[in-house]
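Enquirer: Just one file: work.txt, with compact mmCIF, C-alpha atoms and all ligand atoms.
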```txt
# COMPACT_ATOMS: atom_id res chain seq x y z
CA MET A 1 2.73 0.29 11.79
CA SER A 2 -0.76 1.52 10.92
CA GLN A 3 -3.72 -0.58 12.02
CA GLU A 4 -5.93 0.90 9.29
CA ILE A 5 -5.84 -2.34 7.29
CA LEU A 6 -8.14 -3.97 9.89
CA PHE A 7 -10.93 -1.57 8.98
CA THR A 8 -10.79 -2.02 5.21
CA PRO A 9 -13.45 -4.06 3.35
CA PHE A 10 -12.74 -7.58 2.17
CA GLN A 11 -14.55 -9.94 -0.20
CA ALA A 12 -14.76 -13.51 1.14
CA GLY A 13 -16.55 -15.64 -1.43
CA ALA A 14 -20.04 -14.21 -1.91
CA VAL A 15 -19.77 -12.10 1.21
CA GLU A 16 -18.53 -8.53 1.30
CA LEU A 17 -17.16 -7.76 4.75
CA SER A 18 -17.15 -4.10 5.80
CA ASN A 19 -13.93 -4.74 7.75
CA ARG A 20 -11.50 -7.61 8.35
CA MET A 21 -12.51 -8.26 11.95
CA VAL A 22 -14.40 -11.53 12.33
CA MET A 23 -16.25 -12.54 15.47
CA ALA A 24 -15.01 -16.07 16.26
CA PRO A 25 -17.55 -18.82 16.98
CA LEU A 26 -18.34 -18.81 20.70
CA THR A 27 -20.47 -21.38 22.53
CA ARG A 28 -22.45 -19.51 25.19
CA GLY A 29 -25.03 -22.10 26.28
CA ARG A 30 -28.02 -19.77 26.31
CA ALA A 31 -30.40 -21.44 23.87
CA ASN A 32 -33.54 -23.23 25.00
CA GLN A 33 -33.07 -26.82 26.10
CA ASP A 34 -34.41 -28.12 22.77
CA GLY A 35 -31.76 -26.10 20.91
CA THR A 36 -34.12 -23.34 19.77
CA PRO A 37 -32.39 -19.95 19.86
CA HIS A 38 -33.62 -17.86 22.80
CA PRO A 39 -34.66 -14.22 22.17
CA ARG A 40 -31.67 -13.05 24.24
CA MET A 41 -29.45 -14.46 21.49
CA VAL A 42 -31.05 -12.04 19.03
CA GLU A 43 -29.89 -9.11 21.13
CA TYR A 44 -26.42 -10.62 21.72
CA TYR A 45 -25.66 -11.03 18.03
CA ARG A 46 -27.30 -7.70 17.09
CA GLN A 47 -24.98 -5.91 19.54
CA ARG A 48 -21.97 -7.40 17.73
CA ALA A 49 -23.10 -6.74 14.13
CA THR A 50 -20.32 -4.24 13.40
CA ALA A 51 -17.92 -7.17 13.06
CA GLY A 52 -17.09 -7.64 9.37
CA LEU A 53 -18.43 -11.19 9.77
CA ILE A 54 -20.01 -12.99 12.72
CA ILE A 55 -19.52 -16.74 12.90
CA SER A 56 -22.27 -18.14 15.11
CA GLU A 57 -21.63 -20.33 18.09
CA ALA A 58 -21.27 -24.02 17.20
CA THR A 59 -24.72 -25.37 16.32
CA ALA A 60 -25.66 -29.06 16.32
CA ILE A 61 -26.57 -30.52 12.93
CA SER A 62 -28.49 -33.48 14.40
CA PRO A 63 -29.52 -35.03 17.72
CA GLN A 64 -26.55 -37.41 17.30
CA GLY A 65 -24.22 -34.42 16.94
CA TYR A 66 -25.64 -32.60 19.98
CA GLY A 67 -23.84 -32.63 23.31
CA TRP A 68 -23.53 -29.29 25.14
CA ALA A 69 -26.24 -28.09 27.52
CA ASN A 70 -28.28 -25.27 25.98
CA ALA A 71 -26.29 -25.16 22.77
CA PRO A 72 -28.43 -24.34 19.73
CA GLY A 73 -29.40 -26.74 16.95
CA ILE A 74 -30.22 -26.52 13.25
CA TYR A 75 -32.31 -29.61 12.56
CA THR A 76 -35.93 -28.63 13.28
CA GLN A 77 -38.28 -26.00 11.88
CA ALA A 78 -38.40 -24.38 15.34
CA HIS A 79 -34.61 -23.97 15.17
CA VAL A 80 -34.98 -22.27 11.78
CA GLU A 81 -37.66 -19.87 13.05
CA GLY A 82 -35.51 -18.96 16.07
CA TRP A 83 -32.39 -18.37 13.98
CA LYS A 84 -34.40 -16.22 11.52
CA GLN A 85 -34.84 -13.65 14.28
CA VAL A 86 -31.06 -13.59 14.77
CA THR A 87 -30.12 -13.24 11.11
CA GLU A 88 -32.74 -10.52 10.53
CA ALA A 89 -31.46 -8.49 13.48
CA VAL A 90 -27.84 -8.80 12.32
CA HIS A 91 -28.72 -7.85 8.74
CA GLN A 92 -30.83 -4.89 9.86
CA ALA A 93 -27.79 -3.65 11.78
CA GLY A 94 -25.65 -3.98 8.65
CA GLY A 95 -23.81 -7.17 9.63
CA LYS A 96 -23.09 -10.55 8.05
CA ILE A 97 -23.42 -13.92 9.78
CA PHE A 98 -22.40 -17.52 9.05
CA LEU A 99 -23.68 -20.51 11.02
CA GLN A 100 -21.08 -22.92 12.44
CA LEU A 101 -22.10 -26.54 11.70
CA TRP A 102 -21.29 -28.83 14.65
CA HIS A 103 -21.18 -32.56 15.19
CA MET A 104 -19.47 -33.22 18.51
CA GLY A 105 -18.73 -36.90 17.95
CA ARG A 106 -17.14 -38.45 21.06
CA ALA A 107 -17.45 -35.14 22.96
CA SER A 108 -21.20 -35.73 23.31
CA HIS A 109 -22.49 -37.88 26.17
CA PRO A 110 -25.12 -40.65 26.65
CA ASP A 111 -27.23 -38.11 28.57
CA PHE A 112 -27.85 -36.40 25.20
CA GLN A 113 -28.25 -39.68 23.30
CA ASN A 114 -31.10 -41.41 25.18
CA GLY A 115 -28.46 -43.45 26.97
CA ALA A 116 -26.69 -44.60 23.77
CA LEU A 117 -22.99 -44.05 23.18
CA PRO A 118 -21.81 -41.04 21.21
CA VAL A 119 -20.07 -41.83 17.90
CA SER A 120 -16.55 -41.13 16.67
CA ALA A 121 -13.95 -42.25 14.15
CA SER A 122 -12.69 -44.91 16.60
CA ALA A 123 -13.68 -46.22 20.01
CA ILE A 124 -11.15 -44.05 21.86
CA ALA A 125 -12.25 -41.94 24.82
CA ALA A 126 -11.01 -38.39 25.31
CA ASN A 127 -9.82 -37.16 28.67
CA GLY A 128 -12.12 -34.35 29.69
CA ASP A 129 -15.70 -33.57 30.60
CA ALA A 130 -18.96 -33.23 28.72
CA HIS A 131 -21.17 -30.24 29.65
CA THR A 132 -24.44 -32.04 30.39
CA PRO A 133 -27.66 -30.45 31.72
CA SER A 134 -26.76 -31.92 35.14
CA GLY A 135 -23.20 -30.57 35.14
CA LYS A 136 -19.81 -31.78 33.91
CA LYS A 137 -19.45 -35.53 33.40
CA PRO A 138 -16.37 -37.43 32.16
CA TYR A 139 -16.32 -38.28 28.47
CA VAL A 140 -17.25 -41.90 27.70
CA THR A 141 -15.65 -44.31 25.25
CA PRO A 142 -17.55 -43.69 21.99
CA ARG A 143 -18.73 -46.19 19.40
CA ALA A 144 -16.83 -46.14 16.08
CA LEU A 145 -19.10 -45.18 13.18
CA GLU A 146 -19.67 -48.05 10.75
CA THR A 147 -18.45 -47.22 7.25
CA SER A 148 -22.05 -47.66 6.08
CA GLU A 149 -23.27 -44.99 8.54
CA ILE A 150 -21.03 -42.22 7.19
CA PRO A 151 -23.26 -41.18 4.25
CA GLY A 152 -26.12 -40.63 6.72
CA VAL A 153 -23.98 -38.31 8.86
CA ILE A 154 -23.00 -36.39 5.73
CA GLN A 155 -26.70 -36.03 4.87
CA ASP A 156 -27.22 -34.44 8.29
CA TYR A 157 -24.67 -31.77 7.28
CA VAL A 158 -26.59 -31.26 4.03
CA ARG A 159 -29.95 -30.84 5.81
CA ALA A 160 -28.39 -28.43 8.31
CA THR A 161 -26.92 -26.38 5.46
CA ARG A 162 -30.31 -26.12 3.73
CA LEU A 163 -31.96 -25.11 6.99
CA ALA A 164 -29.25 -22.51 7.69
CA ARG A 165 -29.87 -21.01 4.28
CA GLU A 166 -33.62 -20.98 4.94
CA ALA A 167 -32.94 -19.24 8.27
CA GLY A 168 -31.26 -16.37 6.43
CA PHE A 169 -27.58 -16.99 7.13
CA ASP A 170 -25.03 -15.60 4.66
CA GLY A 171 -23.15 -18.89 4.72
CA VAL A 172 -22.04 -21.82 6.86
CA GLU A 173 -18.75 -22.69 8.51
CA ILE A 174 -17.93 -26.40 8.79
CA HIS A 175 -16.54 -26.95 12.30
CA ALA A 176 -13.58 -29.25 11.65
CA ALA A 177 -11.59 -27.98 14.65
CA ASN A 178 -11.18 -28.40 18.40
CA GLY A 179 -11.55 -32.14 18.74
CA TYR A 180 -15.08 -32.58 17.40
CA LEU A 181 -16.19 -35.25 14.92
CA ILE A 182 -14.38 -34.10 11.76
CA ASP A 183 -11.20 -33.37 13.72
CA GLN A 184 -11.53 -36.83 15.35
CA PHE A 185 -11.25 -38.29 11.84
CA LEU A 186 -8.39 -35.97 10.82
CA ARG A 187 -5.92 -36.55 13.65
CA ASP A 188 -4.36 -39.93 14.25
CA GLY A 189 -4.63 -39.67 18.05
CA SER A 190 -8.38 -40.31 17.69
CA ASN A 191 -8.53 -42.20 14.37
CA GLN A 192 -7.29 -45.78 14.17
CA ARG A 193 -9.70 -46.93 11.49
CA THR A 194 -8.66 -49.53 8.97
CA ASP A 195 -11.24 -48.65 6.28
CA ASP A 196 -11.00 -45.84 3.67
CA TYR A 197 -11.41 -43.23 6.44
CA GLY A 198 -8.32 -44.13 8.47
CA GLY A 199 -4.60 -44.71 8.16
CA SER A 200 -3.01 -42.43 5.56
CA ILE A 201 -3.43 -38.66 5.68
CA ALA A 202 -5.52 -38.84 2.51
CA ASN A 203 -7.83 -41.36 4.18
CA ARG A 204 -8.12 -39.38 7.42
CA SER A 205 -9.00 -36.28 5.35
CA ARG A 206 -11.69 -38.14 3.42
CA PHE A 207 -14.53 -37.42 5.86
CA LEU A 208 -13.70 -33.68 5.88
CA LEU A 209 -13.60 -33.61 2.08
CA GLU A 210 -16.84 -35.57 1.68
CA VAL A 211 -18.65 -33.32 4.17
CA THR A 212 -17.30 -30.23 2.42
CA ALA A 213 -18.27 -31.51 -1.03
CA ALA A 214 -21.80 -32.24 0.19
CA VAL A 215 -22.22 -28.89 1.96
CA VAL A 216 -20.86 -27.02 -1.07
CA GLY A 217 -23.24 -29.07 -3.24
CA ALA A 218 -26.16 -28.02 -1.03
CA TRP A 219 -25.29 -24.31 -1.36
CA SER A 220 -22.08 -23.18 -3.12
CA GLY A 221 -18.41 -22.83 -2.22
CA GLU A 222 -18.62 -19.07 -1.98
CA HIS A 223 -21.05 -19.46 0.95
CA VAL A 224 -18.98 -22.06 2.81
CA GLY A 225 -16.00 -21.73 5.16
CA VAL A 226 -14.02 -24.43 6.99
CA ARG A 227 -12.42 -24.15 10.43
CA LEU A 228 -9.33 -26.20 11.36
CA SER A 229 -7.12 -26.19 14.48
CA PRO A 230 -3.91 -28.03 13.60
CA THR A 231 -2.15 -27.85 16.97
CA ASN A 232 -4.95 -27.28 19.46
CA PRO A 233 -4.78 -29.99 22.16
CA TYR A 234 -8.27 -29.13 23.46
CA ASN A 235 -10.46 -32.23 23.89
CA ASP A 236 -7.37 -34.40 24.27
CA MET A 237 -6.36 -34.14 20.61
CA ARG A 238 -3.00 -35.01 19.07
CA ASP A 239 -1.51 -35.86 15.71
CA SER A 240 1.85 -37.43 14.92
CA ASP A 241 2.55 -34.90 12.11
CA PRO A 242 0.25 -31.89 12.19
CA THR A 243 2.18 -30.03 9.47
CA ALA A 244 1.72 -32.86 6.96
CA THR A 245 -1.90 -33.59 7.95
CA PHE A 246 -3.14 -30.03 7.87
CA THR A 247 -1.14 -28.80 4.89
CA HIS A 248 -2.68 -31.68 2.95
CA ALA A 249 -6.16 -30.72 4.18
CA ALA A 250 -5.64 -27.06 3.24
CA LYS A 251 -4.35 -27.98 -0.21
CA THR A 252 -7.15 -30.40 -1.02
CA LEU A 253 -9.80 -27.88 0.08
CA ASN A 254 -8.71 -25.65 -2.82
CA ARG A 255 -10.98 -27.57 -5.16
CA PHE A 256 -14.11 -26.14 -3.51
CA LYS A 257 -13.39 -22.40 -4.06
CA LEU A 258 -14.46 -21.73 -0.47
CA ALA A 259 -15.40 -18.36 1.01
CA TYR A 260 -12.50 -18.88 3.41
CA LEU A 261 -10.31 -21.21 5.43
CA HIS A 262 -10.27 -20.35 9.14
CA VAL A 263 -7.32 -21.55 11.19
CA LEU A 264 -7.14 -21.45 14.97
CA GLU A 265 -3.52 -21.44 16.05
CA ALA A 266 -2.60 -19.02 18.80
CA VAL A 267 0.03 -16.35 18.20
CA PRO A 268 3.53 -17.35 19.41
CA GLY A 269 4.05 -16.67 23.09
CA HIS A 270 0.32 -16.73 23.86
CA MET A 271 -0.84 -19.06 26.62
CA LEU A 272 -2.95 -20.99 24.11
CA ALA A 273 0.04 -21.51 21.77
CA ALA A 274 1.04 -25.17 21.41
CA PRO A 275 4.72 -26.11 21.69
CA GLY A 276 6.49 -26.98 18.45
CA PRO A 277 6.56 -25.40 15.01
CA ARG A 278 3.57 -23.42 13.76
CA VAL A 279 1.49 -25.08 11.07
CA SER A 280 -0.70 -22.19 9.92
CA PRO A 281 2.01 -20.54 7.75
CA HIS A 282 2.22 -23.78 5.72
CA MET A 283 -1.57 -23.85 5.41
CA ARG A 284 -1.60 -20.23 4.26
CA LYS A 285 0.83 -21.15 1.47
CA ALA A 286 -1.12 -24.26 0.48
CA PHE A 287 -4.56 -22.65 0.45
CA LYS A 288 -5.30 -20.31 -2.46
CA GLY A 289 -8.43 -18.57 -1.12
CA PRO A 290 -9.30 -16.07 1.65
CA PHE A 291 -7.69 -16.90 4.98
CA ILE A 292 -8.72 -16.17 8.57
CA THR A 293 -6.42 -16.73 11.53
CA ASN A 294 -7.41 -16.72 15.19
CA GLY A 295 -6.00 -17.16 18.66
CA GLY A 296 -4.82 -14.51 21.08
CA TYR A 297 -4.70 -11.54 18.71
CA ASP A 298 -5.07 -7.92 19.72
CA ALA A 299 -5.44 -5.05 17.26
CA ALA A 300 -1.71 -4.51 16.83
CA ALA A 301 -0.86 -8.19 16.27
CA ALA A 302 -3.84 -8.55 13.92
CA ALA A 303 -2.93 -5.57 11.76
CA HIS A 304 0.72 -6.63 11.70
CA SER A 305 -0.23 -10.12 10.53
CA ILE A 306 -2.43 -8.84 7.70
CA ASN A 307 0.17 -6.27 6.66
CA GLU A 308 2.78 -9.06 6.53
CA GLY A 309 0.52 -11.11 4.25
CA GLU A 310 0.17 -13.92 6.82
CA THR A 311 -3.61 -13.73 6.60
CA ASP A 312 -6.50 -11.72 5.14
CA MET A 313 -8.83 -11.50 8.14
CA ILE A 314 -8.52 -12.10 11.89
CA ALA A 315 -11.11 -13.65 14.16
CA PHE A 316 -11.42 -12.45 17.75
CA GLY A 317 -13.17 -14.56 20.38
CA VAL A 318 -12.93 -13.44 24.00
CA PRO A 319 -12.49 -9.76 23.04
CA PHE A 320 -15.92 -9.88 21.31
CA ILE A 321 -17.54 -11.55 24.34
CA ALA A 322 -16.63 -8.58 26.53
CA ASN A 323 -16.76 -5.82 23.89
CA PRO A 324 -19.76 -5.81 21.56
CA ASP A 325 -18.33 -2.62 20.01
CA LEU A 326 -14.85 -4.10 19.55
CA VAL A 327 -14.45 -2.61 16.07
CA HIS A 328 -15.10 0.89 17.42
CA ARG A 329 -12.75 0.35 20.36
CA TYR A 330 -9.90 -0.90 18.17
CA ARG A 331 -10.44 1.92 15.70
CA THR A 332 -10.30 4.56 18.41
CA GLY A 333 -7.77 2.90 20.70
CA ALA A 334 -10.31 2.87 23.56
CA ALA A 335 -9.75 0.59 26.55
CA LEU A 336 -11.42 -2.84 26.55
CA ASN A 337 -13.89 -4.27 29.07
CA PRO A 338 -12.38 -7.23 30.95
CA PRO A 339 -14.13 -10.57 30.26
CA ASP A 340 -15.95 -12.37 33.08
CA MET A 341 -15.10 -16.06 32.64
CA SER A 342 -17.68 -17.17 35.20
CA THR A 343 -20.47 -16.20 32.78
CA PHE A 344 -18.97 -17.62 29.55
CA TYR A 345 -21.15 -20.74 29.48
CA GLY A 346 -24.83 -20.81 30.40
CA GLY A 347 -26.95 -18.38 32.36
CA THR A 348 -29.04 -15.42 31.32
CA GLU A 349 -28.33 -11.84 30.27
CA LYS A 350 -25.60 -11.35 32.87
CA GLY A 351 -22.19 -11.47 31.22
CA TYR A 352 -23.98 -11.92 27.89
CA THR A 353 -25.83 -8.83 26.70
CA ASP A 354 -24.93 -6.42 29.53
CA TYR A 355 -21.30 -5.52 28.72
CA PRO A 356 -21.09 -1.72 28.46
CA VAL A 357 -20.62 -0.19 25.01
CA LEU A 358 -19.10 3.12 23.97
CA GLN A 359 -20.88 3.07 20.64
CA PRO A 360 -24.11 1.07 20.24
CA VAL A 361 -24.71 -0.66 16.94
CA ASN A 362 -26.53 1.53 14.35
CA ALA A 363 -25.54 4.66 16.27
C1 LIG A 401 -16.46 -19.27 25.73
C2 LIG A 401 -15.82 -19.84 24.49
C3 LIG A 401 -16.61 -20.57 23.61
C4 LIG A 401 -16.05 -21.07 22.42
N1 LIG A 401 -16.86 -21.73 21.54
C5 LIG A 401 -16.38 -22.12 20.33
C6 LIG A 401 -17.25 -22.67 19.34
O1 LIG A 401 -18.47 -22.80 19.53
N2 LIG A 401 -16.69 -23.05 18.15
C7 LIG A 401 -15.34 -22.91 17.90
O2 LIG A 401 -14.89 -23.26 16.80
N3 LIG A 401 -14.50 -22.35 18.81
C8 LIG A 401 -15.00 -21.94 19.99
N4 LIG A 401 -14.16 -21.31 20.90
C9 LIG A 401 -12.80 -20.93 20.50
C10 LIG A 401 -12.83 -19.49 19.98
O3 LIG A 401 -13.54 -19.41 18.73
C11 LIG A 401 -11.41 -18.94 19.75
O4 LIG A 401 -10.74 -19.83 18.90
C12 LIG A 401 -10.62 -18.77 21.03
O5 LIG A 401 -11.36 -18.04 21.98
C13 LIG A 401 -9.27 -18.07 20.76
O6 LIG A 401 -9.47 -16.79 20.20
P1 LIG A 401 -9.32 -15.44 21.10
O7 LIG A 401 -7.95 -15.48 21.69
O8 LIG A 401 -9.51 -14.30 20.15
O9 LIG A 401 -10.37 -15.51 22.17
C14 LIG A 401 -14.69 -20.84 22.12
C15 LIG A 401 -13.90 -20.13 23.03
C16 LIG A 401 -14.45 -19.63 24.20
C17 LIG A 401 -13.59 -18.82 25.14
```
Would you write out, as structure tokens, the structure that this file holds?
Ligand SMILES: Cc1cc2nc3c(=O)[nH]c(=O)nc-3n(C[C@H](O)[C@H](O)[C@H](O)COP(=O)(O)O)c2cc1C

Expert:
Amino acid sequence: MSQEILFTPFQAGAVELSNRMVMAPLTRGRANQDGTPHPRMVEYYRQRATAGLIISEATAISPQGYGWANAPGIYTQAHVEGWKQVTEAVHQAGGKIFLQLWHMGRASHPDFQNGALPVSASAIAANGDAHTPSGKKPYVTPRALETSEIPGVIQDYVRATRLAREAGFDGVEIHAANGYLIDQFLRDGSNQRTDDYGGSIANRSRFLLEVTAAVVGAWSGEHVGVRLSPTNPYNDMRDSDPTATFTHAAKTLNRFKLAYLHVLEAVPGHMLAAPGPRVSPHMRKAFKGPFITNGGYDAAAAAHSINEGETDMIAFGVPFIANPDLVHRYRTGAALNPPDMSTFYGGTEKGYTDYPVLQPVNA
């Protein structure tokens, strides 16, 4: 079947994508220690501007939400000035870029919190390690957010959205996936609250919906996307009924007329694919707006999926790390550079801006 569909334009909310290939959000740990984007990030994103849409690496909305060494932030004026360089470079190269809004919840660590505990839906520790400035350290048991603290966290999302807009982004993506704070509320493996934010699926979805309403209120739905990962076990996540939980979430998000819903659920047979039935087809049916899927796609699988109506756009993660000119390579059938996993997180230009390209951006 033809792969041409991948290279056709698509309108996602207010954003016109020149093709349906999205660069997935990718933490690379190369910002300054205070979360200010480093100049090398300007070059990294510029190199990848032929993607129809770039979703930035996860970016902390507040000191409380921060918890990955050299991840960027979006809560100071210095962060805004640094990100402005990135958005200008991407726009000059003809690209579009959303900022991914990140609160890590229990996946932060006291080393980032002046010794205090990170916060979560409930006081349940995850198995796994935080990426602190002094190396990997086991996750700690977090403190459950008081009900009265939740509006303040939502205000941090609002401030981050305003700052992202000021920094020149085309929109924001609410990171509600991969075991971070919003996902910790959504799934019952990490949420045992007895207030309005726990128990039933409607209650566990409340934090997501309140954050989304506030972020949409601070900008507009057509500049806002949401990312969910219904079956991803990363960060020790589980839910007793992912199909019911995430179909409900997808359906209730309809009210915001979002730019898109972005679902990470690896293609069947892929090493990242979770056992059990797939949830994303139910979410596709429930959600009435533009849809992005992600997880283990190559050009053939991506085009097939769009042609079958399973999705509108596909996000690619690792392929974009190793191939800044991925759109050109898929279009021409050229071979791909292999990714170097040892340079995924942290470091300098090596394994970041030095992957060879066949066609530089703006060529
Ligand atoms: C190095 C690395 C960093 C990642 N960082 C993020 C992130 O910041 N936010 C996020 O939502 N997902 C993140 N992910 C997940 C990717 O966005 C994507 O879902 C995953 O790589 C699967 O897609 P792929 O098979 O096309 O690579 C990361 C993945 C990798 C490999």

Enquirer: Could you give me the residues within 9 Å of ligand LIG 401 (chain A), counting only C-alpha atoms and all ligand atoms, as a PyMOL selection string?

Expert: chain A and resi 23-29+55-59+71+100+102+175-178+227-229+263-267+270+272+294-298+314-321+341+343-345

Enquirer: Find the residues around stretch 356-359 of chain A up to 8 Å (all atoms listed in the file counted), leave out those fewer than 6 positions away in its own chain, and share them as a VMD selection string.

Expert: chain A and resid 323 to 325 328 to 329 337

Enquirer: Go through A:Asp312, A:Glu149, A:Gln85, A:Thr293 one by one, measure the shortest atom-to-atom distance of each to A:Pro9 using only C-alpha atoms, and give the residue with the smallest value.

Expert: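 Of all the options, A:Asp312 lies closest to A:Pro9.
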
Enquirer: Pick the closest to A:Lys136 from A:His109, A:His103, A:Arg165, A:His38: which is it, counting all atoms listed in the file?

Expert: A:His109

Enquirer: So how many Å separate atom CA of A:Pro242 and atom CA of A:Ala214, to one decimal?

Expert: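 Interatomic distance here is 25.1 Å.
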
Enquirer: For stretch 160-163 of chain A, please output as number ranges by chain all residues within 6 Å (counting only C-alpha atoms; exclusion window: fewer than 2 positions along the same chain).

Expert: A: 61, 74-75, 157-158, 165-166

Enquirer: Atoms to include: C-alpha atoms. Write the selected residues as a short mmCIF file (atom, residue, chain, number, x, y, z; two decimals), in the coordinates of the input.

Expert:
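For reference, out_29.cif as written:
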```cif
data_model
loop_
_atom_site.label_atom_id
_atom_site.label_comp_id
_atom_site.auth_asym_id
_atom_site.auth_seq_id
_atom_site.Cartn_x
_atom_site.Cartn_y
_atom_site.Cartn_z
CA ILE A 61 -26.57 -30.52 12.93
CA ILE A 74 -30.22 -26.52 13.25
CA TYR A 75 -32.31 -29.61 12.56
CA TYR A 157 -24.67 -31.77 7.28
CA VAL A 158 -26.59 -31.26 4.03
CA ARG A 165 -29.87 -21.01 4.28
CA GLU A 166 -33.62 -20.98 4.94
#
```

Enquirer: Hey, could you make a per-residue contact list for stretch 232-280 of chain A against stretch 202-211 of chain A with 10 Å as the cut-off, showing the nearest pair of atoms and its distance in Å to one decimal, counting all atoms listed in the file, sorted by chain and number, as JSON lines?

Expert:
```
{"residue": "A:Thr245", "atom": "CA", "partner": "A:Ser205", "partner_atom": "CA", "distance": 8.0}
{"residue": "A:Phe246", "atom": "CA", "partner": "A:Ser205", "partner_atom": "CA", "distance": 8.9}
{"residue": "A:His248", "atom": "CA", "partner": "A:Ala202", "partner_atom": "CA", "distance": 7.7}
{"residue": "A:Ala249", "atom": "CA", "partner": "A:Ser205", "partner_atom": "CA", "distance": 6.4}
{"residue": "A:Thr252", "atom": "CA", "partner": "A:Leu209", "partner_atom": "CA", "distance": 7.8}
{"residue": "A:Leu253", "atom": "CA", "partner": "A:Leu209", "partner_atom": "CA", "distance": 7.2}
{"residue": "A:Arg255", "atom": "CA", "partner": "A:Leu209", "partner_atom": "CA", "distance": 9.8}
{"residue": "A:Phe256", "atom": "CA", "partner": "A:Leu209", "partner_atom": "CA", "distance": 9.3}
```

Enquirer: Could you name the residues that touch A:Leu326 at 9 Å or less, counting only C-alpha atoms, but leaving out those on the same chain fewer than 4 positions away, as a PyMOL selection string?

Expert: chain A and resi 21+48+50-51+319-320+322+330-331+336+357

Enquirer: Using all atoms listed in the file for the distances, tell me which of A:Lys288, A:Arg278, A:Arg143, A:Lys137 is nearest to A:Leu261.

Expert: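 Distance minimum relative to A:Leu261 lands on A:Lys288.
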
Enquirer: Would you list the contacts of A:Asp241 as a list in words, taking every protein, DNA or RNA residue within 10 Å and counting all atoms listed in the file, but skipping same-chain residues closer than 3 positions in sequence?

Expert: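 The residues satisfying every condition are Arg187, Asp188, Ile201, Pro230, Thr231, Arg238, Ala244, Thr245, Phe246 and Val279 of chain A.
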
Enquirer: Using only C-alpha atoms, what residues lie at most 12 Å away from (-26.3, -37.6, 24.2) (file coordinates), given as a PyMOL selection string?

Expert: chain A and resi 60+62-69+103-119+130-133+137+139-140+142

Enquirer: Quick one, how far is atom CA of A:Asn19 from atom CA of A:Phe7?

Expert: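 So the two atoms, atom CA of A:Asn19 and atom CA of A:Phe7, lie 4.5 Å apart.
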
Enquirer: Box time for stretch 149-157 of chain A: axis-aligned, enclosing all its listed atoms, 3 Å extra on each side; report centre and edge lengths in Å to one decimal, as lines of an AutoDock Vina configuration file.

Expert:
```
center_x = -24.1
center_y = -38.4
center_z = 6.6
size_x = 12.2
size_y = 19.2
size_z = 10.6
```

Enquirer: So, counting all atoms listed in the file, which residue among A:Leu6, A:Ala144, A:Ala286, A:Val361 is closest to A:Thr194?

Expert: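 Using all atoms listed in the file, A:Thr194 sits closest to A:Ala144.
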
Enquirer: Go ahead and find all residues with at least one atom no further than 9 Å from (-30.7, -23.3, 16.8) in the file's coordinates, using only C-alpha atoms; report them as a list of chain:residue names.

Expert: A:Ala31, A:Asn32, A:Asp34, A:Gly35, A:Thr36, A:Pro37, A:His38, A:Thr59, A:Ala60, A:Ala71, A:Pro72, A:Gly73, A:Ile74, A:Tyr75, A:Thr76, A:Ala78, A:His79, A:Val80, A:Glu81, A:Gly82, A:Trp83

Enquirer: Between A:Glu4, A:Glu88, A:Glu308, A:Glu173, which has the minimum distance to A:Trp219 (counting only C-alpha atoms)?

Expert: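 Ranking A:Glu4, A:Glu88, A:Glu308, A:Glu173 by distance to A:Trp219, first place goes to A:Glu173.
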